[in-house]
$ cat entry04.cif   # mmCIF, N, CA and C atoms and all ligand atoms
data_upload
#
loop_
_atom_site.label_atom_id
_atom_site.label_comp_id
_atom_site.auth_asym_id
_atom_site.auth_seq_id
_atom_site.Cartn_x
_atom_site.Cartn_y
_atom_site.Cartn_z
N MET A 1 16.35 -8.72 -0.75
CA MET A 1 15.03 -8.66 -1.38
C MET A 1 14.04 -9.54 -0.62
N PRO A 2 12.89 -9.00 -0.26
CA PRO A 2 11.91 -9.77 0.53
C PRO A 2 11.25 -10.87 -0.29
N ALA A 3 10.70 -11.85 0.40
CA ALA A 3 9.97 -12.94 -0.25
C ALA A 3 8.52 -12.52 -0.47
N SER A 4 7.88 -13.19 -1.38
CA SER A 4 6.47 -12.91 -1.64
C SER A 4 5.63 -13.27 -0.42
N VAL A 5 4.66 -12.42 -0.10
CA VAL A 5 3.78 -12.67 1.03
C VAL A 5 2.87 -13.88 0.73
N ASP A 6 2.66 -14.16 -0.55
CA ASP A 6 1.84 -15.30 -0.96
C ASP A 6 2.32 -15.79 -2.32
N PRO A 7 3.28 -16.71 -2.34
CA PRO A 7 3.91 -17.15 -3.60
C PRO A 7 2.93 -17.78 -4.58
N GLN A 8 1.74 -18.19 -4.10
CA GLN A 8 0.78 -18.78 -5.03
C GLN A 8 -0.08 -17.72 -5.72
N ARG A 9 0.10 -16.46 -5.30
CA ARG A 9 -0.67 -15.39 -5.91
C ARG A 9 0.21 -14.31 -6.50
N LEU A 10 1.38 -14.11 -5.90
CA LEU A 10 2.28 -13.06 -6.35
C LEU A 10 3.63 -13.67 -6.67
N LYS A 11 3.99 -13.63 -7.96
CA LYS A 11 5.30 -14.13 -8.37
C LYS A 11 6.23 -12.93 -8.52
N LEU A 12 7.33 -12.96 -7.77
CA LEU A 12 8.26 -11.82 -7.82
C LEU A 12 9.27 -12.03 -8.93
N ASN A 13 9.66 -10.92 -9.55
CA ASN A 13 10.75 -10.96 -10.50
C ASN A 13 12.05 -10.90 -9.71
N GLY A 14 13.05 -11.52 -10.21
CA GLY A 14 14.29 -11.62 -9.45
C GLY A 14 15.22 -10.43 -9.58
N ASP A 15 14.67 -9.23 -9.65
CA ASP A 15 15.51 -8.04 -9.79
C ASP A 15 15.80 -7.44 -8.41
N ASP A 16 16.61 -6.38 -8.40
CA ASP A 16 16.87 -5.68 -7.15
C ASP A 16 15.61 -4.96 -6.69
N GLU A 17 14.96 -4.35 -7.63
CA GLU A 17 13.73 -3.66 -7.33
C GLU A 17 12.65 -4.71 -7.07
N VAL A 18 11.71 -4.41 -6.20
CA VAL A 18 10.64 -5.36 -5.93
C VAL A 18 9.55 -5.18 -6.98
N THR A 19 9.52 -6.10 -7.92
CA THR A 19 8.45 -6.10 -8.91
C THR A 19 7.91 -7.51 -9.00
N GLY A 20 6.71 -7.63 -9.47
CA GLY A 20 6.13 -8.96 -9.54
C GLY A 20 4.86 -8.96 -10.36
N VAL A 21 4.28 -10.12 -10.46
CA VAL A 21 3.08 -10.28 -11.27
C VAL A 21 2.12 -11.22 -10.53
N LEU A 22 0.82 -10.91 -10.67
CA LEU A 22 -0.21 -11.78 -10.09
C LEU A 22 -0.36 -13.02 -10.96
N ILE A 23 -0.51 -14.16 -10.30
CA ILE A 23 -0.59 -15.41 -11.05
C ILE A 23 -1.82 -16.22 -10.66
N GLY A 24 -2.15 -17.16 -11.52
CA GLY A 24 -3.28 -18.04 -11.27
C GLY A 24 -3.32 -19.12 -12.32
N PHE A 25 -4.52 -19.58 -12.63
CA PHE A 25 -4.66 -20.67 -13.59
C PHE A 25 -5.77 -20.38 -14.59
N ARG A 26 -5.60 -20.98 -15.77
CA ARG A 26 -6.64 -20.91 -16.80
C ARG A 26 -7.12 -22.33 -17.05
N CYS A 27 -8.44 -22.48 -17.13
CA CYS A 27 -9.02 -23.78 -17.46
C CYS A 27 -8.95 -23.98 -18.96
N LEU A 28 -8.35 -25.09 -19.38
CA LEU A 28 -8.19 -25.34 -20.81
C LEU A 28 -9.48 -25.84 -21.44
N ASP A 29 -10.46 -26.21 -20.61
CA ASP A 29 -11.72 -26.71 -21.15
C ASP A 29 -12.75 -25.61 -21.32
N CYS A 30 -12.92 -24.75 -20.29
CA CYS A 30 -13.97 -23.72 -20.40
C CYS A 30 -13.39 -22.31 -20.42
N ARG A 31 -12.06 -22.16 -20.30
CA ARG A 31 -11.38 -20.87 -20.46
C ARG A 31 -11.50 -19.95 -19.25
N VAL A 32 -12.20 -20.35 -18.21
CA VAL A 32 -12.31 -19.53 -17.01
C VAL A 32 -10.93 -19.38 -16.38
N LYS A 33 -10.65 -18.18 -15.85
CA LYS A 33 -9.37 -17.94 -15.19
C LYS A 33 -9.58 -17.72 -13.70
N VAL A 34 -8.67 -18.28 -12.92
CA VAL A 34 -8.76 -18.25 -11.46
C VAL A 34 -7.53 -17.55 -10.91
N PHE A 35 -7.72 -16.64 -9.97
CA PHE A 35 -6.60 -15.98 -9.30
C PHE A 35 -6.15 -16.85 -8.14
N GLY A 36 -4.85 -17.13 -8.07
CA GLY A 36 -4.33 -17.90 -6.96
C GLY A 36 -4.35 -19.40 -7.22
N GLN A 37 -4.16 -20.13 -6.14
CA GLN A 37 -4.03 -21.57 -6.24
C GLN A 37 -5.33 -22.24 -6.66
N ALA A 38 -5.24 -23.24 -7.52
CA ALA A 38 -6.41 -24.02 -7.92
C ALA A 38 -5.95 -25.40 -8.33
N THR A 39 -6.70 -26.41 -7.97
CA THR A 39 -6.38 -27.76 -8.42
C THR A 39 -7.43 -28.24 -9.42
N PHE A 40 -8.59 -27.58 -9.42
CA PHE A 40 -9.57 -27.87 -10.46
C PHE A 40 -10.35 -26.59 -10.76
N CYS A 41 -11.00 -26.56 -11.90
CA CYS A 41 -11.74 -25.38 -12.33
C CYS A 41 -12.99 -25.20 -11.48
N GLN A 42 -13.19 -23.96 -10.97
CA GLN A 42 -14.36 -23.70 -10.13
C GLN A 42 -15.63 -23.63 -10.95
N SER A 43 -15.49 -23.55 -12.25
CA SER A 43 -16.64 -23.41 -13.11
C SER A 43 -17.11 -24.75 -13.69
N CYS A 44 -16.16 -25.56 -14.18
CA CYS A 44 -16.56 -26.81 -14.83
C CYS A 44 -15.92 -28.04 -14.18
N ALA A 45 -15.14 -27.84 -13.11
CA ALA A 45 -14.53 -28.93 -12.34
C ALA A 45 -13.45 -29.68 -13.10
N SER A 46 -13.03 -29.17 -14.23
CA SER A 46 -11.93 -29.80 -14.96
C SER A 46 -10.63 -29.61 -14.19
N SER A 47 -9.73 -30.58 -14.29
CA SER A 47 -8.41 -30.39 -13.68
C SER A 47 -7.37 -30.08 -14.75
N ASN A 48 -7.86 -29.73 -15.91
CA ASN A 48 -7.02 -29.42 -17.06
C ASN A 48 -6.65 -27.93 -17.02
N LEU A 49 -5.73 -27.57 -16.12
CA LEU A 49 -5.41 -26.16 -15.88
C LEU A 49 -3.99 -25.85 -16.30
N GLU A 50 -3.77 -24.61 -16.71
CA GLU A 50 -2.40 -24.18 -16.96
C GLU A 50 -2.17 -22.85 -16.26
N PRO A 51 -0.93 -22.61 -15.79
CA PRO A 51 -0.63 -21.36 -15.08
C PRO A 51 -0.70 -20.17 -16.02
N VAL A 52 -1.19 -19.04 -15.48
CA VAL A 52 -1.23 -17.80 -16.26
C VAL A 52 -0.74 -16.64 -15.39
N GLU A 53 -0.31 -15.59 -16.07
CA GLU A 53 0.03 -14.33 -15.39
C GLU A 53 -1.03 -13.31 -15.77
N PHE A 54 -1.39 -12.47 -14.80
CA PHE A 54 -2.46 -11.50 -15.02
C PHE A 54 -1.91 -10.11 -15.28
N SER A 55 -2.78 -9.24 -15.76
CA SER A 55 -2.43 -7.84 -16.00
C SER A 55 -2.11 -7.16 -14.69
N ASP A 56 -1.35 -6.08 -14.77
CA ASP A 56 -1.01 -5.33 -13.55
C ASP A 56 -1.93 -4.13 -13.38
N SER A 57 -3.11 -4.18 -14.01
CA SER A 57 -4.07 -3.11 -13.80
C SER A 57 -5.47 -3.66 -13.92
N GLY A 58 -6.42 -2.91 -13.39
CA GLY A 58 -7.81 -3.34 -13.42
C GLY A 58 -8.71 -2.19 -13.06
N ILE A 59 -9.98 -2.54 -12.80
CA ILE A 59 -11.02 -1.54 -12.54
C ILE A 59 -11.51 -1.72 -11.11
N LEU A 60 -11.68 -0.60 -10.41
CA LEU A 60 -12.21 -0.68 -9.05
C LEU A 60 -13.67 -1.14 -9.11
N PHE A 61 -13.94 -2.32 -8.56
CA PHE A 61 -15.26 -2.93 -8.61
C PHE A 61 -16.04 -2.61 -7.35
N SER A 62 -15.33 -2.60 -6.22
CA SER A 62 -15.96 -2.36 -4.93
C SER A 62 -14.86 -2.07 -3.91
N TYR A 63 -15.23 -1.48 -2.79
CA TYR A 63 -14.23 -1.29 -1.74
C TYR A 63 -14.93 -1.18 -0.40
N THR A 64 -14.16 -1.37 0.65
CA THR A 64 -14.70 -1.23 1.99
C THR A 64 -13.59 -0.69 2.89
N ILE A 65 -13.98 -0.06 3.98
CA ILE A 65 -13.00 0.47 4.92
C ILE A 65 -12.83 -0.54 6.05
N ILE A 66 -11.61 -0.96 6.27
CA ILE A 66 -11.33 -1.94 7.32
C ILE A 66 -10.87 -1.19 8.58
N ARG A 67 -11.65 -1.29 9.63
CA ARG A 67 -11.29 -0.64 10.90
C ARG A 67 -10.75 -1.64 11.91
N VAL A 68 -11.12 -2.90 11.76
CA VAL A 68 -10.60 -3.96 12.61
C VAL A 68 -9.83 -4.92 11.70
N PRO A 69 -8.51 -4.77 11.67
CA PRO A 69 -7.72 -5.53 10.70
C PRO A 69 -7.53 -6.98 11.13
N PRO A 70 -7.16 -7.85 10.20
CA PRO A 70 -6.82 -9.22 10.56
C PRO A 70 -5.60 -9.25 11.48
N ALA A 71 -5.46 -10.30 12.27
CA ALA A 71 -4.33 -10.43 13.19
C ALA A 71 -3.03 -10.33 12.43
N GLY A 72 -2.10 -9.53 12.97
CA GLY A 72 -0.80 -9.41 12.33
C GLY A 72 -0.75 -8.39 11.22
N TRP A 73 -1.84 -7.67 10.97
CA TRP A 73 -1.86 -6.68 9.91
C TRP A 73 -0.77 -5.64 10.17
N PRO A 74 0.15 -5.44 9.21
CA PRO A 74 1.33 -4.60 9.47
C PRO A 74 1.13 -3.12 9.18
N GLY A 75 0.05 -2.73 8.54
CA GLY A 75 -0.08 -1.35 8.07
C GLY A 75 -0.93 -0.51 8.98
N PRO A 76 -1.14 0.75 8.57
CA PRO A 76 -2.01 1.65 9.33
C PRO A 76 -3.46 1.20 9.26
N VAL A 77 -4.24 1.62 10.26
CA VAL A 77 -5.66 1.31 10.35
C VAL A 77 -6.39 2.60 10.64
N PRO A 78 -7.57 2.91 10.09
CA PRO A 78 -8.24 2.08 9.09
C PRO A 78 -7.54 2.13 7.73
N TYR A 79 -7.86 1.16 6.90
CA TYR A 79 -7.33 1.17 5.54
C TYR A 79 -8.43 0.76 4.57
N ILE A 80 -8.16 0.99 3.29
CA ILE A 80 -9.15 0.69 2.25
C ILE A 80 -8.84 -0.67 1.66
N LEU A 81 -9.83 -1.56 1.68
CA LEU A 81 -9.70 -2.85 1.01
C LEU A 81 -10.47 -2.75 -0.30
N GLY A 82 -9.75 -2.86 -1.41
CA GLY A 82 -10.39 -2.71 -2.71
C GLY A 82 -10.57 -4.06 -3.39
N GLU A 83 -11.67 -4.17 -4.14
CA GLU A 83 -11.90 -5.33 -4.99
C GLU A 83 -11.74 -4.88 -6.42
N ILE A 84 -10.68 -5.34 -7.06
CA ILE A 84 -10.35 -4.88 -8.42
C ILE A 84 -10.66 -5.98 -9.42
N ALA A 85 -11.39 -5.63 -10.46
CA ALA A 85 -11.71 -6.59 -11.52
C ALA A 85 -10.61 -6.55 -12.57
N LEU A 86 -9.94 -7.66 -12.75
CA LEU A 86 -8.90 -7.75 -13.77
C LEU A 86 -9.55 -7.90 -15.14
N PRO A 87 -8.86 -7.43 -16.19
CA PRO A 87 -9.41 -7.60 -17.54
C PRO A 87 -9.62 -9.07 -17.90
N GLU A 88 -8.86 -9.96 -17.26
CA GLU A 88 -9.00 -11.40 -17.53
C GLU A 88 -10.20 -12.01 -16.82
N GLY A 89 -10.83 -11.27 -15.91
CA GLY A 89 -12.03 -11.78 -15.26
C GLY A 89 -11.99 -11.88 -13.75
N PRO A 90 -10.91 -12.46 -13.17
CA PRO A 90 -10.92 -12.60 -11.70
C PRO A 90 -10.93 -11.26 -10.97
N HIS A 91 -11.45 -11.28 -9.75
CA HIS A 91 -11.41 -10.11 -8.88
C HIS A 91 -10.34 -10.34 -7.83
N VAL A 92 -9.59 -9.28 -7.52
CA VAL A 92 -8.46 -9.40 -6.60
C VAL A 92 -8.65 -8.40 -5.46
N LEU A 93 -8.70 -8.91 -4.24
CA LEU A 93 -8.83 -8.08 -3.05
C LEU A 93 -7.46 -7.70 -2.54
N ALA A 94 -7.24 -6.41 -2.30
CA ALA A 94 -5.99 -5.97 -1.70
C ALA A 94 -6.17 -4.54 -1.20
N GLU A 95 -5.23 -4.11 -0.36
CA GLU A 95 -5.28 -2.75 0.16
C GLU A 95 -5.11 -1.74 -0.98
N VAL A 96 -5.87 -0.65 -0.89
CA VAL A 96 -5.73 0.44 -1.85
C VAL A 96 -4.95 1.56 -1.17
N ILE A 97 -3.89 2.03 -1.82
CA ILE A 97 -3.06 3.08 -1.24
C ILE A 97 -2.98 4.26 -2.20
N GLY A 98 -2.51 5.38 -1.68
CA GLY A 98 -2.25 6.54 -2.52
C GLY A 98 -3.49 7.33 -2.89
N ILE A 99 -4.59 7.12 -2.19
CA ILE A 99 -5.81 7.86 -2.49
C ILE A 99 -6.68 7.89 -1.24
N ARG A 100 -7.45 8.99 -1.07
CA ARG A 100 -8.38 9.06 0.05
C ARG A 100 -9.68 8.37 -0.32
N GLU A 101 -10.36 7.90 0.70
CA GLU A 101 -11.65 7.23 0.47
C GLU A 101 -12.59 8.12 -0.34
N SER A 102 -12.60 9.42 -0.01
CA SER A 102 -13.55 10.32 -0.65
C SER A 102 -13.24 10.53 -2.13
N ASP A 103 -12.03 10.17 -2.56
CA ASP A 103 -11.65 10.33 -3.97
C ASP A 103 -11.86 9.06 -4.78
N LEU A 104 -12.29 7.99 -4.12
CA LEU A 104 -12.49 6.73 -4.84
C LEU A 104 -13.76 6.77 -5.66
N ASN A 105 -13.69 6.23 -6.85
CA ASN A 105 -14.86 6.10 -7.69
C ASN A 105 -14.91 4.68 -8.25
N ILE A 106 -16.08 4.05 -8.09
CA ILE A 106 -16.24 2.72 -8.69
C ILE A 106 -16.02 2.85 -10.20
N GLY A 107 -15.23 1.94 -10.74
CA GLY A 107 -14.96 1.97 -12.18
C GLY A 107 -13.66 2.64 -12.54
N MET A 108 -13.00 3.28 -11.55
CA MET A 108 -11.73 3.93 -11.87
C MET A 108 -10.63 2.91 -12.10
N HIS A 109 -9.62 3.33 -12.85
CA HIS A 109 -8.52 2.43 -13.17
C HIS A 109 -7.52 2.36 -12.02
N MET A 110 -7.13 1.17 -11.67
CA MET A 110 -6.15 0.96 -10.61
C MET A 110 -4.98 0.17 -11.17
N GLU A 111 -3.82 0.37 -10.57
CA GLU A 111 -2.68 -0.43 -11.00
C GLU A 111 -2.04 -1.11 -9.80
N LEU A 112 -1.42 -2.24 -10.10
CA LEU A 112 -0.77 -3.05 -9.08
C LEU A 112 0.51 -2.37 -8.62
N THR A 113 0.78 -2.43 -7.33
CA THR A 113 2.05 -1.97 -6.82
C THR A 113 2.55 -2.98 -5.80
N ILE A 114 3.82 -3.25 -5.84
CA ILE A 114 4.41 -4.21 -4.91
C ILE A 114 5.14 -3.44 -3.83
N GLN A 115 4.79 -3.71 -2.58
CA GLN A 115 5.36 -2.96 -1.46
C GLN A 115 5.98 -3.92 -0.46
N SER A 116 7.09 -3.49 0.08
CA SER A 116 7.72 -4.24 1.17
C SER A 116 6.99 -3.94 2.47
N VAL A 117 6.53 -4.96 3.17
CA VAL A 117 5.87 -4.73 4.45
C VAL A 117 6.60 -5.52 5.53
N LYS A 118 6.63 -4.94 6.72
CA LYS A 118 7.27 -5.60 7.86
C LYS A 118 6.36 -6.72 8.36
N VAL A 119 6.94 -7.85 8.63
CA VAL A 119 6.19 -8.93 9.23
C VAL A 119 6.10 -8.66 10.73
N THR A 120 4.86 -8.61 11.24
CA THR A 120 4.67 -8.27 12.65
C THR A 120 5.43 -9.23 13.56
N GLY A 121 6.15 -8.68 14.51
CA GLY A 121 6.84 -9.50 15.48
C GLY A 121 8.18 -10.04 15.00
N SER A 122 8.68 -9.52 13.87
CA SER A 122 10.00 -9.96 13.42
C SER A 122 10.66 -8.84 12.63
N ASP A 123 11.92 -9.02 12.26
CA ASP A 123 12.61 -8.02 11.46
C ASP A 123 12.45 -8.29 9.97
N GLN A 124 11.76 -9.37 9.66
CA GLN A 124 11.60 -9.76 8.26
C GLN A 124 10.70 -8.80 7.49
N GLU A 125 10.95 -8.71 6.19
CA GLU A 125 10.04 -7.99 5.32
C GLU A 125 9.52 -8.95 4.26
N LYS A 126 8.28 -8.70 3.84
CA LYS A 126 7.72 -9.49 2.75
C LYS A 126 7.16 -8.56 1.69
N ALA A 127 7.12 -9.05 0.48
CA ALA A 127 6.58 -8.26 -0.63
C ALA A 127 5.09 -8.53 -0.74
N ALA A 128 4.29 -7.47 -0.62
CA ALA A 128 2.84 -7.61 -0.70
C ALA A 128 2.34 -6.85 -1.92
N TYR A 129 1.21 -7.31 -2.47
CA TYR A 129 0.62 -6.59 -3.61
C TYR A 129 -0.50 -5.69 -3.11
N LYS A 130 -0.52 -4.48 -3.66
CA LYS A 130 -1.56 -3.50 -3.32
C LYS A 130 -2.02 -2.82 -4.60
N TRP A 131 -3.08 -2.04 -4.46
CA TRP A 131 -3.59 -1.28 -5.60
C TRP A 131 -3.44 0.20 -5.35
N ARG A 132 -3.17 0.95 -6.41
CA ARG A 132 -3.17 2.41 -6.32
C ARG A 132 -3.78 2.94 -7.60
N PRO A 133 -4.27 4.19 -7.56
CA PRO A 133 -4.85 4.75 -8.77
C PRO A 133 -3.81 4.75 -9.88
N SER A 134 -4.22 4.42 -11.08
CA SER A 134 -3.26 4.39 -12.18
C SER A 134 -2.88 5.82 -12.56
N ASN A 135 -1.76 5.95 -13.24
CA ASN A 135 -1.25 7.27 -13.63
C ASN A 135 -2.24 8.05 -14.46
N THR A 136 -2.99 7.34 -15.31
CA THR A 136 -3.96 8.04 -16.15
C THR A 136 -5.03 8.69 -15.28
N GLU A 137 -5.48 7.98 -14.22
CA GLU A 137 -6.47 8.57 -13.32
C GLU A 137 -5.92 9.81 -12.64
N LEU A 138 -4.67 9.72 -12.20
CA LEU A 138 -4.08 10.83 -11.47
C LEU A 138 -3.93 12.06 -12.38
N SER A 139 -3.50 11.84 -13.61
CA SER A 139 -3.31 12.99 -14.49
C SER A 139 -4.66 13.60 -14.89
N GLU A 140 -5.69 12.73 -15.02
CA GLU A 140 -7.03 13.26 -15.30
C GLU A 140 -7.49 14.16 -14.16
N GLU A 141 -7.20 13.72 -12.93
CA GLU A 141 -7.62 14.50 -11.79
C GLU A 141 -6.93 15.85 -11.76
N LYS A 142 -5.62 15.83 -12.09
CA LYS A 142 -4.88 17.07 -12.14
C LYS A 142 -5.48 18.02 -13.17
N ALA A 143 -5.85 17.45 -14.31
CA ALA A 143 -6.40 18.26 -15.39
C ALA A 143 -7.72 18.91 -14.97
N ASN A 144 -8.43 18.25 -14.05
CA ASN A 144 -9.74 18.78 -13.61
C ASN A 144 -9.63 19.85 -12.53
N GLN A 145 -8.45 20.00 -11.98
CA GLN A 145 -8.31 20.95 -10.86
C GLN A 145 -8.03 22.36 -11.34
ZN ZN B 201 -13.37 -24.99 -16.60
#
$ encode --input "entry04.cif" --output "structure tokens"
Amino acid sequence: MPASVDPQRLKLNGDDEVTGVLIGFRCLDCRVKVFGQATFCQSCASSNLEPVEFSDSGILFSYTIIRVPPAGWPGPVPYILGEIALPEGPHVLAEVIGIRESDLNIGMHMELTIQSVKVTGSDQEKAAYKWRPSNTELSEEKANQ
């Protein structure tokens, strides 16, 4: 089983199958939630934080097509980088898979998927989080065809 590509953002479940959950912190003073590592609240500067787990689905807030990937990018290029708004508030940037750019609609429902990716220059694999259209979106599309 591969390790998390970013253990401070993606906590893997210890099963055979690669599953996991996005994690972050909640401010106990102002209730703001932060995706990923935080030592103090970005909103009120309190250090009174507790770890939280986020939903595995959200809404497509924005996206862009990446033609020049970051160094070591293991996937195909170009790819879609989506900004997904979680119901808890934070926005999460990750690759969008399973849909063509022309089929993307701002506001559509997306769900988290955990994928094994090859680490460039080694035989290692890591578990990365990505977004794909949720099943409800896909079945709606089928119904419209
Ligand atoms: Zn706060």
$ closest_residue --input "entry04.cif" --among "A:His91, A:His109, A:Arg26, A:Lys11" --to "ligand ZN 201 (chain B)" --atoms "all atoms listed in the file"
A:Arg26
$ atom_distance --input "entry04.cif" --atom1 "atom CA of A:Gly20" --atom2 "atom CA of A:Pro2"
11.6 Å
$ select_by_dssp --input "entry04.cif" --residues "chain A" --states "strand (DSSP E)" --output "PyMOL selection string"
chain A and resi 3-4+10-12+20-27+33-35+49-53+57-66+79-85+91-96+109-118+125-133
$ residues_around --input "entry04.cif" --residues "A:Leu60" --least-positions-apart "5" --cutoff "8 Å" --atoms "all atoms listed in the file" --output "ChimeraX atom specification"
/A:82-86,105-111
$ residues_near_ligand --input "entry04.cif" --ligand "ligand ZN 201 (chain B)" --cutoff "9 Å" --atoms "only C-alpha atoms and all ligand atoms" --output "list of chain:residue names"
A:Arg26, A:Cys27, A:Leu28, A:Asp29, A:Cys30, A:Arg31, A:Val32, A:Lys33, A:Phe40, A:Cys41, A:Gln42, A:Ser43, A:Cys44, A:Ala45, A:Ser46, A:Ser47, A:Asn48, A:Leu49
$ closest_residue --input "entry04.cif" --among "A:Pro74, A:Pro133, A:Pro7, A:Gly58" --to "A:Ile97" --atoms "all atoms listed in the file"
A:Pro133
$ closest_residue --input "entry04.cif" --among "A:Leu104, A:Gly121, A:Leu12, A:Phe25" --to "A:Val52" --atoms "all atoms listed in the file"
A:Phe25
$ atom_distance --input "entry04.cif" --atom1 "atom N of A:Thr64" --atom2 "atom C of A:Ile80"
5.5 Å
$ select_by_dssp --input "entry04.cif" --residues "stretch 2-145 of chain A" --states "alpha helix (DSSP H)" --output "PyMOL selection string"
chain A and resi 135-144
$ atom_distance --input "entry04.cif" --atom1 "atom CA of A:Pro90" --atom2 "atom C of A:Phe61"
12.0 Å
$ residues_around --input "entry04.cif" --residues "A:Gln124" --least-positions-apart "5" --cutoff "8 Å" --atoms "only N, CA and C atoms" --output "PyMOL selection string"
chain A and resi 2-3+116-119
$ closest_residue --input "entry04.cif" --among "A:Lys130, A:Asn135, A:Pro51, A:Ser102" --to "A:Gln115" --atoms "all atoms listed in the file"
A:Lys130
$ closest_residue --input "entry04.cif" --among "A:Leu112, A:Val34, A:Glu50, A:Trp131" --to "A:Ala94" --atoms "only N, CA and C atoms"
A:Trp131
